[in-house]
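All remarks here apply to the structure that follows.
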Amino acid sequence: MSKTAIKTDAPPSGDHRNSKPADSTRRPPPGSVNLAAPAAGARTPADPTPLPQPVGEPDLSRPEYYLNRELTWLNFNFRVLHEAADSRVPLLERLKFLAIVGSNLDEFFMKRIGGLKQQVKAGITERTVDGRTPEQQIAECCELVRKLEARQLATAVELLAELAAVGVKVVDWSDLEEEERTQLRKHYLRNIYPLVTPQATDPAHPFPFISNLSLNLLVTLRYKNDEHLSLARVKVPLGAAIARFARVGETEMWIPLESVMANNLDLLFPGMKVEACEVFRVTRNAIYDVDEDTADDLLELIEAGLRKRRLAPIVRLQVAEGFDPARLHMLSHELGLQDRDVFENSGLLGWRDLHELHELARPDVKDAPHHPAQHPDLLTDRPVFDVIRDDGPLLLHHPYQAFDTSVQRFIHQASRDPQVHAIKMTLYRMEPGSGIIEDLVHAARQGKQVTVVIELKARFDEAANIRWANALSAHGIHVTYGVLGLKTHCKLILVVRQDHDGLRRYAHVGTGNYHAGTARLYCDHGILTCDAAIGADLTELFNYLTTGYSPARRYRKLLVAPKHLRRALLERIERETRLHSEENPGRLQFQMNALEDPDVTRALYVAAAKGVSVDLIVRDGCRIRPGIPGLSENIRVISIVGRFLQHSRIYYFRNGGAEEYYIGSADCMGRNLGARVEALVPVEDPALRAELRRVLNFQLADQRCAWRMAADGSYEQRRPPPQRETSTFESMIAWAHAREFEGARLRNRRASSGLPGLEGSG
């Protein structure tokens with residue numbers, strides 16, 4: 001790992017005669033600190049708010065009953081970081097988790113801290129349901145981030161030492177032999193140096209613009225025989241095929257690019273003496289205001305917002321340990337930052353770049369490759385439409401079941417089927433070169449009616465979605481941007497097909513994006529169905545999305561936000577409370593990314609206090625406190641962190657025995673229920689309900705990756721005997737492949753026996 005307060009230990013000329021020879025055994029990465037990384041089973045930090053003391057009937061308006069959204073999200077990153085410290089995880093996968101925490105923190109400052117700072121600037125002092133002002137939230141978040149970064153550094157030091165022991169080494173310039181330095185200098189001159197532009201900072205040169213998340217060198221130098229010091233900023237030119245880590249020869253040693261640049265500054269400043277070279281990195285606010293009501297063209301408005309984001313206020317300054325105090329004061333002043341906005345680090349700045357090393361071809365220190373299974377009912381050459389119509393709806397489980405042979409196949413066949421007249425779908429995030437786009441364009445060329453609702457405001461995907469919108473429009477596809485003032489977050493496909501008995505609507509409703517890349521990494525569910533009521537509801541919903549008009553739209557089965565979903569959830573929670581009895585106990589089981597909505601939280605408290613069993617599988621932020629005597633003793637909250645990202649939304653209501661299951665795009669967050677178009681769809685087929693029951697049971701029984709939340713907001717990872725260390729992910733993979741095997745076996749048996757329906761899988 002590079003020294004981020006870089007000392008150029010070789011003379012600027014590149015002459016190494018006076019430098020200390022590198023130890024032939026290669027020293028461990030610098031930056032070691034006396035902080036032990038957490039052992040498996042360790043507890044994450046508790047919330048600083050004291051636990052409520054039960055006195056009679058609880059007053060659910062009191063703030064101590066609610067955890068803070070921002071702090072609980074940071075707590076989630078302690079759980080992610082634990083994966084980087086867990087010896088049960090392969091080494092390069094641990095490095096990936098270290099990078100994920102870095103990327104998450106970047107986004108946290110861009111979105112959450114940026115938004116809070118906007119509130120402070122606007123003079124907003126209103127307290128959240130947990131009793132904190134924006135100013136208080138910033139202060140507490142910054143304090144917790146420093147603890148998280150300290151643990152991150154300690155974990156990194158141990159992990160990089162373990163990687164070095166198996167041959168993957170992150171080194172500093174001082175660790176290299178002279179021949180290796182010479183080779184890197186040549187590489188730098190040939191491939192990097194032409195892209196580097198030093199910028200002076202003095203009265204004749206205004207302080208340069210510092211782009212978001214850029215890595216920078218602040219160089220202090222002077223002419224020989226001149227005591228006057230000058231400053232220059234040098235941007236490390238990452239991106240555009242320039243990697244953060246440069247390979248040292250043909251070895252598996254990797255050196256951060258800033259270390260190479262800092263030790264070859266004589267090329268940029270010939271004849272000058274380098275007194276110091278210090279690394280810094282800035283994070284800018286990513287939140288920008290969009291007044292959609294006054295916009296003539298929403299696409300142009302979003303493009304203007306992206307230009308504003310580039311110049312947005314800086315919300316965080318990261319500097320190398322040992323940064324000169326006077327220069328740090330100058331830098332903070334120029335960037336308009338307070339002391340609390342400055343984060344000093346003795347490790348890498350920009351941990352997210354460790355993703356590069358995770359891509360190394362070292363299968364011995366990575367998870368075994370994951371190969372999604374085929375859905376057993378799709379092991380056939382029959383059109384997907386025939387399977388859905390004749391055999392019934394299908395429930396898909398990604399990444400355990402293949403996305404390309406299910407959802408993408410559905411769209412592909414729709415685009416080429418002459419009986420299909422119309423395709424409508426929503427798009428929130430897509431991968432570059434998406435095959436789905438090609439299919440939609442092909443469908444339009446065949447004369448089909450193709451309508452695509454693209455969400456231009458999908459955070460950090462705005463520019464890509466603008467390009468998709470323009471590309472689709474250029475091919476005659478009807479592109480709309482949804483309803484003004486609302487994000488379109490629902491995941492929907494509607495296909496209208498002429499069947500032998502008339503027009504029939506086929507649909508896919510899912511929990512995840514139509515993104516083949518994330519479908520291999522995120523845990524999501526989707527249903528393929530031709531249910532007439534669901535098809536009619538989707539027609540209504542697409543009419544709303546393409547016009548914005550909602551005159552008394554009624555939905556037969558879908559639960560749709562923002563008009564109906566919050567009320568529908570609250571009514572069902574209250575119904576569970578009302579129906580609960582000792583003879584017929586109530587049960588609620590929800591899985592989601594985050595539980596933030598105060599109304600839903602209060603309703604769950606009331607239900608639990610009346611005796612209803614409440615199981616919550618919440619990936620990250622969670623306001624509710626389980627285990628409060630007399631109030632939430634019947635609430636269990638778990639968070640599952642591991643190989644794949646939990647992204648599903650499942651809602652189960654026992655309903656006095658007449659069970660209800662829903663899946664869809666919505667979390668229980670204020671933004672999802674009140675400011676987005678979301679949709680939950682009921683899963684009514686008994687076989688599909690049994691699948692969801694199995695999915696929930698796998699997670700609730702997880703003894704490897706599940707963390708259980710305590711009333712104080714801390715989490716503790718379950719620590720079972722080794723023979724019971726089966727994770728949700730392992731269970732789901734095994735189940736998906738067992739189903740594929742059984743489906744193939746039945747198909748082959750039918751084929752050999754000459755039974756009808758030979759192409760089916762049973």
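Labels for the structure tokens follow display order: chains A, B, ..., residues from 1 in each chain, ligands from 1.
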
| query | Any idea what's packed within 10 Å of A:Met592, counting only C-alpha atoms, ignoring anything in its chain fewer than 3 positions away? Could you give it as an NGL selection string? | reply | :A and (511 or 595 or 616-622 or 639 or 646-651 or 663-669)

Pick out the residues sitting within 10 Å of A:Gly123, and hand them over as a PDB file with N, CA and C atoms, in the first residue's frame; count only C-alpha atoms, and ignore anything fewer than 6 positions along from it in its own chain.
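The result, stored in selection-v3.pdb:
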```pdb
ATOM      1  N   LYS A 117     -25.951  18.938   4.178  1.00  0.00           N
ATOM      2  CA  LYS A 117     -25.297  20.246   4.119  1.00  0.00           C
ATOM      3  C   LYS A 117     -26.178  21.265   3.392  1.00  0.00           C
ATOM      4  N   PRO A 134     -30.367  18.482  11.019  1.00  0.00           N
ATOM      5  CA  PRO A 134     -29.350  18.193   9.996  1.00  0.00           C
ATOM      6  C   PRO A 134     -27.927  18.395  10.507  1.00  0.00           C
ATOM      7  N   GLU A 135     -27.714  19.445  11.290  1.00  0.00           N
ATOM      8  CA  GLU A 135     -26.375  19.721  11.818  1.00  0.00           C
ATOM      9  C   GLU A 135     -25.910  18.596  12.738  1.00  0.00           C
TER      10      GLU A 135
END
```

Which neighbours of A:Leu257 fall inside 12 Å, counting only C-alpha atoms, when residues of the same chain fewer than 6 positions from it are skipped, and could you give them as a compact mmCIF listing (two decimals) with N, CA and C atoms, in the first residue's frame?
```
# COMPACT_ATOMS: atom_id res chain seq x y z
N MET A 1 0.85 -1.19 0.00
CA MET A 1 0.00 0.00 0.00
C MET A 1 0.88 1.24 0.00
N SER A 2 0.52 2.20 -0.80
CA SER A 2 1.36 3.39 -0.92
C SER A 2 1.27 4.25 0.32
N LYS A 3 2.37 4.99 0.58
CA LYS A 3 2.30 6.02 1.60
C LYS A 3 1.56 7.19 0.98
N THR A 4 0.41 7.54 1.56
CA THR A 4 -0.35 8.60 0.91
C THR A 4 0.23 9.97 1.18
N ILE A 6 3.24 11.17 0.51
CA ILE A 6 4.34 10.54 -0.22
C ILE A 6 5.64 11.27 0.04
N VAL A 170 0.87 -5.31 -2.94
CA VAL A 170 0.72 -3.88 -3.22
C VAL A 170 1.91 -3.20 -2.56
N VAL A 171 2.75 -2.56 -3.37
CA VAL A 171 4.03 -2.07 -2.89
C VAL A 171 4.13 -0.56 -3.08
N ASP A 172 5.17 0.00 -2.45
CA ASP A 172 5.48 1.41 -2.58
C ASP A 172 6.80 1.54 -3.36
N TRP A 173 7.08 2.73 -3.83
CA TRP A 173 8.31 2.97 -4.59
C TRP A 173 9.54 2.54 -3.80
N LEU A 184 9.40 1.16 -14.52
CA LEU A 184 8.19 1.93 -14.24
C LEU A 184 8.33 3.36 -14.74
N ARG A 185 9.50 3.93 -14.63
CA ARG A 185 9.73 5.29 -15.14
C ARG A 185 9.50 5.32 -16.66
N HIS A 187 7.59 3.23 -18.35
CA HIS A 187 6.15 3.06 -18.53
C HIS A 187 5.42 4.38 -18.31
N TYR A 188 5.80 5.09 -17.28
CA TYR A 188 5.18 6.38 -16.97
C TYR A 188 5.42 7.38 -18.10
N ASN A 191 3.26 6.14 -21.26
CA ASN A 191 1.82 5.94 -21.20
C ASN A 191 1.05 6.92 -20.32
N ILE A 192 1.73 7.58 -19.39
CA ILE A 192 1.03 8.44 -18.44
C ILE A 192 1.43 9.90 -18.59
N TYR A 193 2.69 10.15 -18.68
CA TYR A 193 3.24 11.51 -18.67
C TYR A 193 2.55 12.43 -19.69
N LEU A 215 -7.93 12.16 -7.66
CA LEU A 215 -6.76 11.98 -6.81
C LEU A 215 -5.72 13.00 -7.25
N ASN A 216 -5.15 13.72 -6.29
CA ASN A 216 -4.30 14.86 -6.62
C ASN A 216 -3.02 14.85 -5.80
N LEU A 217 -1.96 15.36 -6.39
CA LEU A 217 -0.71 15.61 -5.68
C LEU A 217 -0.57 17.10 -5.47
N LYS A 235 -2.93 16.49 -11.08
CA LYS A 235 -4.01 15.50 -11.03
C LYS A 235 -3.51 14.16 -11.53
N VAL A 236 -3.80 13.11 -10.77
CA VAL A 236 -3.46 11.76 -11.20
C VAL A 236 -4.49 11.36 -12.26
N PRO A 237 -4.07 11.09 -13.50
CA PRO A 237 -5.02 10.94 -14.62
C PRO A 237 -5.67 9.56 -14.68
N LEU A 238 -6.46 9.25 -13.68
CA LEU A 238 -7.13 7.95 -13.66
C LEU A 238 -8.33 7.96 -14.60
N GLY A 239 -8.73 6.80 -15.04
CA GLY A 239 -9.81 6.70 -16.01
C GLY A 239 -9.25 6.71 -17.42
N ILE A 242 -6.60 4.36 -17.91
CA ILE A 242 -5.46 4.49 -17.00
C ILE A 242 -5.88 3.93 -15.65
N ALA A 243 -5.21 2.88 -15.20
CA ALA A 243 -5.57 2.20 -13.95
C ALA A 243 -4.88 2.85 -12.76
N ARG A 244 -5.45 2.65 -11.59
CA ARG A 244 -4.84 3.16 -10.35
C ARG A 244 -3.57 2.40 -10.02
N PHE A 245 -3.54 1.11 -10.32
CA PHE A 245 -2.40 0.27 -9.94
C PHE A 245 -1.63 -0.15 -11.19
N ALA A 246 -0.32 0.12 -11.16
CA ALA A 246 0.56 -0.28 -12.26
C ALA A 246 1.27 -1.56 -11.89
N ARG A 247 1.36 -2.45 -12.84
CA ARG A 247 2.04 -3.72 -12.60
C ARG A 247 3.55 -3.52 -12.65
N VAL A 248 4.24 -4.16 -11.73
CA VAL A 248 5.70 -4.08 -11.69
C VAL A 248 6.25 -5.23 -12.52
N ASN A 263 7.44 10.03 -7.45
CA ASN A 263 8.87 9.73 -7.47
C ASN A 263 9.52 9.97 -8.83
N ASN A 264 8.78 10.62 -9.70
CA ASN A 264 9.32 11.02 -11.00
C ASN A 264 8.92 12.45 -11.33
N VAL A 279 -0.73 13.87 -1.00
CA VAL A 279 -1.89 13.41 -1.76
C VAL A 279 -3.18 13.90 -1.10
N LEU A 348 -4.58 4.07 1.69
CA LEU A 348 -4.93 4.59 0.37
C LEU A 348 -6.01 5.65 0.50
N LEU A 349 -5.98 6.63 -0.38
CA LEU A 349 -7.13 7.50 -0.58
C LEU A 349 -7.86 6.97 -1.80
N ASP A 353 -10.74 1.83 -5.63
CA ASP A 353 -9.92 1.39 -6.76
C ASP A 353 -9.35 -0.01 -6.56
```

| Backbone DSSP call of helix (DSSP H, G or I) for stretch 317-465 of chain A, listed as a ChimeraX atom specification | /A:325-335,339-341,351-358,363-365,376-378,384-391,407-416,435-445,462-465

| said: Set the distance at 12 Å and use only C-alpha atoms: which residues neighbour stretch 391-393 of chain A once local chain neighbours fewer than 2 positions away are removed? I'd like the list as JSON, numbers by chain. | reply: {"A": [376, 377, 378, 382, 383, 384, 385, 386, 387, 388, 389, 395, 396, 506, 507, 508, 509, 526, 527, 528, 529, 530, 531, 532, 534, 682, 683, 684, 685, 686, 687, 688, 689, 757, 760, 761, 762]}

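Put simply, atom CA of A:Pro399 is 23.8 Å away from atom CA of A:Leu746.
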
| Can you list, as an MDAnalysis selection string, every protein, DNA or RNA residue that comes within 12 Å of stretch 573-587 of chain A when you count only C-alpha atoms, leaving out same-chain residues fewer than 3 positions away? | chainID A and resid 566:570 590 599:616 634:636 651:660

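For the pair atom CA of A:Thr251 and atom CA of A:Leu189, the separation is 20.2 Å.
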
| Within 12 Å of A:Ile454, counting only C-alpha atoms, which residues qualify if same-chain residues fewer than 5 places away don't, as an MDAnalysis selection string? | chainID A and resid 298:299 424:430 437 461:473 477:483 487:492 513:514 545:546

Output N, CA and C atoms of each residue in that selection to a file, as a compact mmCIF listing (two decimals), in the first residue's frame.
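Okay, result_25.txt is ready:
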```txt
# COMPACT_ATOMS: atom_id res chain seq x y z
N LEU A 298 -37.57 18.05 -19.99
CA LEU A 298 -36.97 17.42 -18.81
C LEU A 298 -35.57 16.92 -19.12
N LEU A 299 -35.36 16.40 -20.32
CA LEU A 299 -34.04 15.89 -20.68
C LEU A 299 -33.00 17.01 -20.61
N LYS A 424 -44.23 -2.73 -23.80
CA LYS A 424 -44.05 -1.57 -22.93
C LYS A 424 -43.16 -1.98 -21.77
N MET A 425 -42.23 -1.11 -21.39
CA MET A 425 -41.39 -1.46 -20.25
C MET A 425 -40.82 -0.21 -19.60
N THR A 426 -40.41 -0.37 -18.35
CA THR A 426 -39.70 0.70 -17.63
C THR A 426 -38.22 0.36 -17.60
N LEU A 427 -37.39 1.39 -17.65
CA LEU A 427 -35.94 1.22 -17.57
C LEU A 427 -35.39 2.21 -16.55
N TYR A 428 -34.68 1.68 -15.57
CA TYR A 428 -34.09 2.51 -14.52
C TYR A 428 -32.57 2.50 -14.61
N ARG A 429 -31.97 1.32 -14.69
CA ARG A 429 -30.53 1.18 -14.92
C ARG A 429 -30.30 0.05 -15.92
N MET A 430 -29.33 0.27 -16.82
CA MET A 430 -28.98 -0.76 -17.81
C MET A 430 -27.48 -0.82 -17.96
N ILE A 437 -31.87 -3.32 -25.39
CA ILE A 437 -32.04 -2.17 -26.28
C ILE A 437 -32.10 -2.64 -27.73
N ASP A 461 -26.74 7.51 -12.92
CA ASP A 461 -26.96 6.91 -14.24
C ASP A 461 -27.68 7.89 -15.17
N GLU A 462 -27.74 9.15 -14.78
CA GLU A 462 -28.48 10.13 -15.58
C GLU A 462 -27.91 10.25 -16.99
N ALA A 463 -26.59 10.40 -17.08
CA ALA A 463 -25.97 10.59 -18.40
C ALA A 463 -26.20 9.38 -19.29
N ALA A 464 -26.04 8.18 -18.73
CA ALA A 464 -26.26 6.96 -19.53
C ALA A 464 -27.70 6.87 -19.98
N ASN A 465 -28.65 7.21 -19.10
CA ASN A 465 -30.06 7.10 -19.46
C ASN A 465 -30.45 8.14 -20.51
N ILE A 466 -29.82 9.30 -20.47
CA ILE A 466 -30.05 10.30 -21.53
C ILE A 466 -29.61 9.74 -22.88
N ARG A 467 -28.47 9.07 -22.88
CA ARG A 467 -27.99 8.47 -24.14
C ARG A 467 -28.95 7.39 -24.63
N TRP A 468 -29.44 6.55 -23.69
CA TRP A 468 -30.40 5.51 -24.09
C TRP A 468 -31.67 6.15 -24.64
N ALA A 469 -32.15 7.19 -23.98
CA ALA A 469 -33.38 7.85 -24.43
C ALA A 469 -33.22 8.39 -25.84
N ASN A 470 -32.10 9.03 -26.11
CA ASN A 470 -31.87 9.58 -27.45
C ASN A 470 -31.75 8.47 -28.49
N ALA A 471 -31.06 7.38 -28.12
CA ALA A 471 -30.88 6.28 -29.07
C ALA A 471 -32.21 5.62 -29.40
N LEU A 472 -33.05 5.39 -28.39
CA LEU A 472 -34.34 4.76 -28.64
C LEU A 472 -35.25 5.66 -29.45
N SER A 473 -35.26 6.94 -29.10
CA SER A 473 -36.10 7.89 -29.85
C SER A 473 -35.70 7.95 -31.31
N ILE A 477 -38.97 4.78 -31.35
CA ILE A 477 -39.60 4.23 -30.14
C ILE A 477 -40.19 5.37 -29.32
N HIS A 478 -41.39 5.13 -28.79
CA HIS A 478 -42.05 6.15 -27.97
C HIS A 478 -41.39 6.16 -26.59
N VAL A 479 -40.60 7.18 -26.32
CA VAL A 479 -39.87 7.30 -25.06
C VAL A 479 -40.52 8.38 -24.21
N THR A 480 -40.82 8.06 -22.98
CA THR A 480 -41.31 9.06 -22.04
C THR A 480 -40.47 8.99 -20.77
N TYR A 481 -40.58 10.04 -19.95
CA TYR A 481 -39.74 10.14 -18.76
C TYR A 481 -40.54 10.01 -17.47
N GLY A 482 -41.75 9.46 -17.57
CA GLY A 482 -42.54 9.24 -16.38
C GLY A 482 -43.34 10.46 -15.97
N VAL A 483 -43.70 10.50 -14.71
CA VAL A 483 -44.58 11.54 -14.17
C VAL A 483 -43.74 12.64 -13.54
N LYS A 487 -40.03 9.81 -9.34
CA LYS A 487 -39.13 8.87 -10.00
C LYS A 487 -39.89 7.60 -10.35
N THR A 488 -39.64 7.08 -11.53
CA THR A 488 -40.23 5.80 -11.93
C THR A 488 -39.26 4.70 -11.54
N HIS A 489 -39.58 4.00 -10.46
CA HIS A 489 -38.68 2.99 -9.91
C HIS A 489 -39.21 1.58 -10.09
N CYS A 490 -40.48 1.43 -10.52
CA CYS A 490 -41.05 0.10 -10.69
C CYS A 490 -40.39 -0.61 -11.87
N LYS A 491 -40.35 -1.94 -11.79
CA LYS A 491 -39.68 -2.77 -12.80
C LYS A 491 -40.75 -3.58 -13.53
N LEU A 492 -41.13 -3.13 -14.71
CA LEU A 492 -42.30 -3.67 -15.38
C LEU A 492 -42.04 -3.90 -16.87
N ASN A 513 -33.43 -4.33 -11.48
CA ASN A 513 -33.33 -3.64 -12.76
C ASN A 513 -33.16 -4.62 -13.91
N TYR A 514 -33.47 -4.14 -15.10
CA TYR A 514 -33.26 -4.92 -16.31
C TYR A 514 -31.83 -4.71 -16.78
N LEU A 545 -48.06 6.44 -16.43
CA LEU A 545 -46.66 6.82 -16.63
C LEU A 545 -46.45 7.61 -17.91
N THR A 546 -47.24 7.34 -18.93
CA THR A 546 -47.04 8.02 -20.21
C THR A 546 -47.84 9.30 -20.35
```

| message | With only C-alpha atoms as the counted atoms, please give the residues lying no more than 9 Å from A:Glu64, apart from itself and same-chain residues fewer than 3 positions off, as a PyMOL selection string. | response | chain A and resi 49-52+60-61+67+129-131

| query | With distances taken over only C-alpha atoms, which of A:Val342, A:Cys523, A:Leu559, A:Val315 is nearest to A:Asp537? | reply |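 Using only C-alpha atoms, the shortest distance to A:Asp537 belongs to A:Leu559.
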
| query | Can you list every residue in stretch 636-725 of chain A that DSSP puts in strand (DSSP E or B), as a ChimeraX atom specification? | reply | /A:636-640,645-646,650-653,660-664,668,676-682,706-709,715-717

| field | Nearest to A:Ala156, chosen from A:Ala734, A:Leu98, A:Ala710, A:Met261, with only C-alpha atoms counted in the distances | value |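 For A:Ala156, the nearest of the given residues is A:Leu98.
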
| From A:Gly350, A:Phe207, A:Pro45, A:Arg190, residue lying nearest A:Glu107 [only C-alpha atoms] |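 Among A:Gly350, A:Phe207, A:Pro45, A:Arg190, it is A:Gly350 that comes nearest to A:Glu107.
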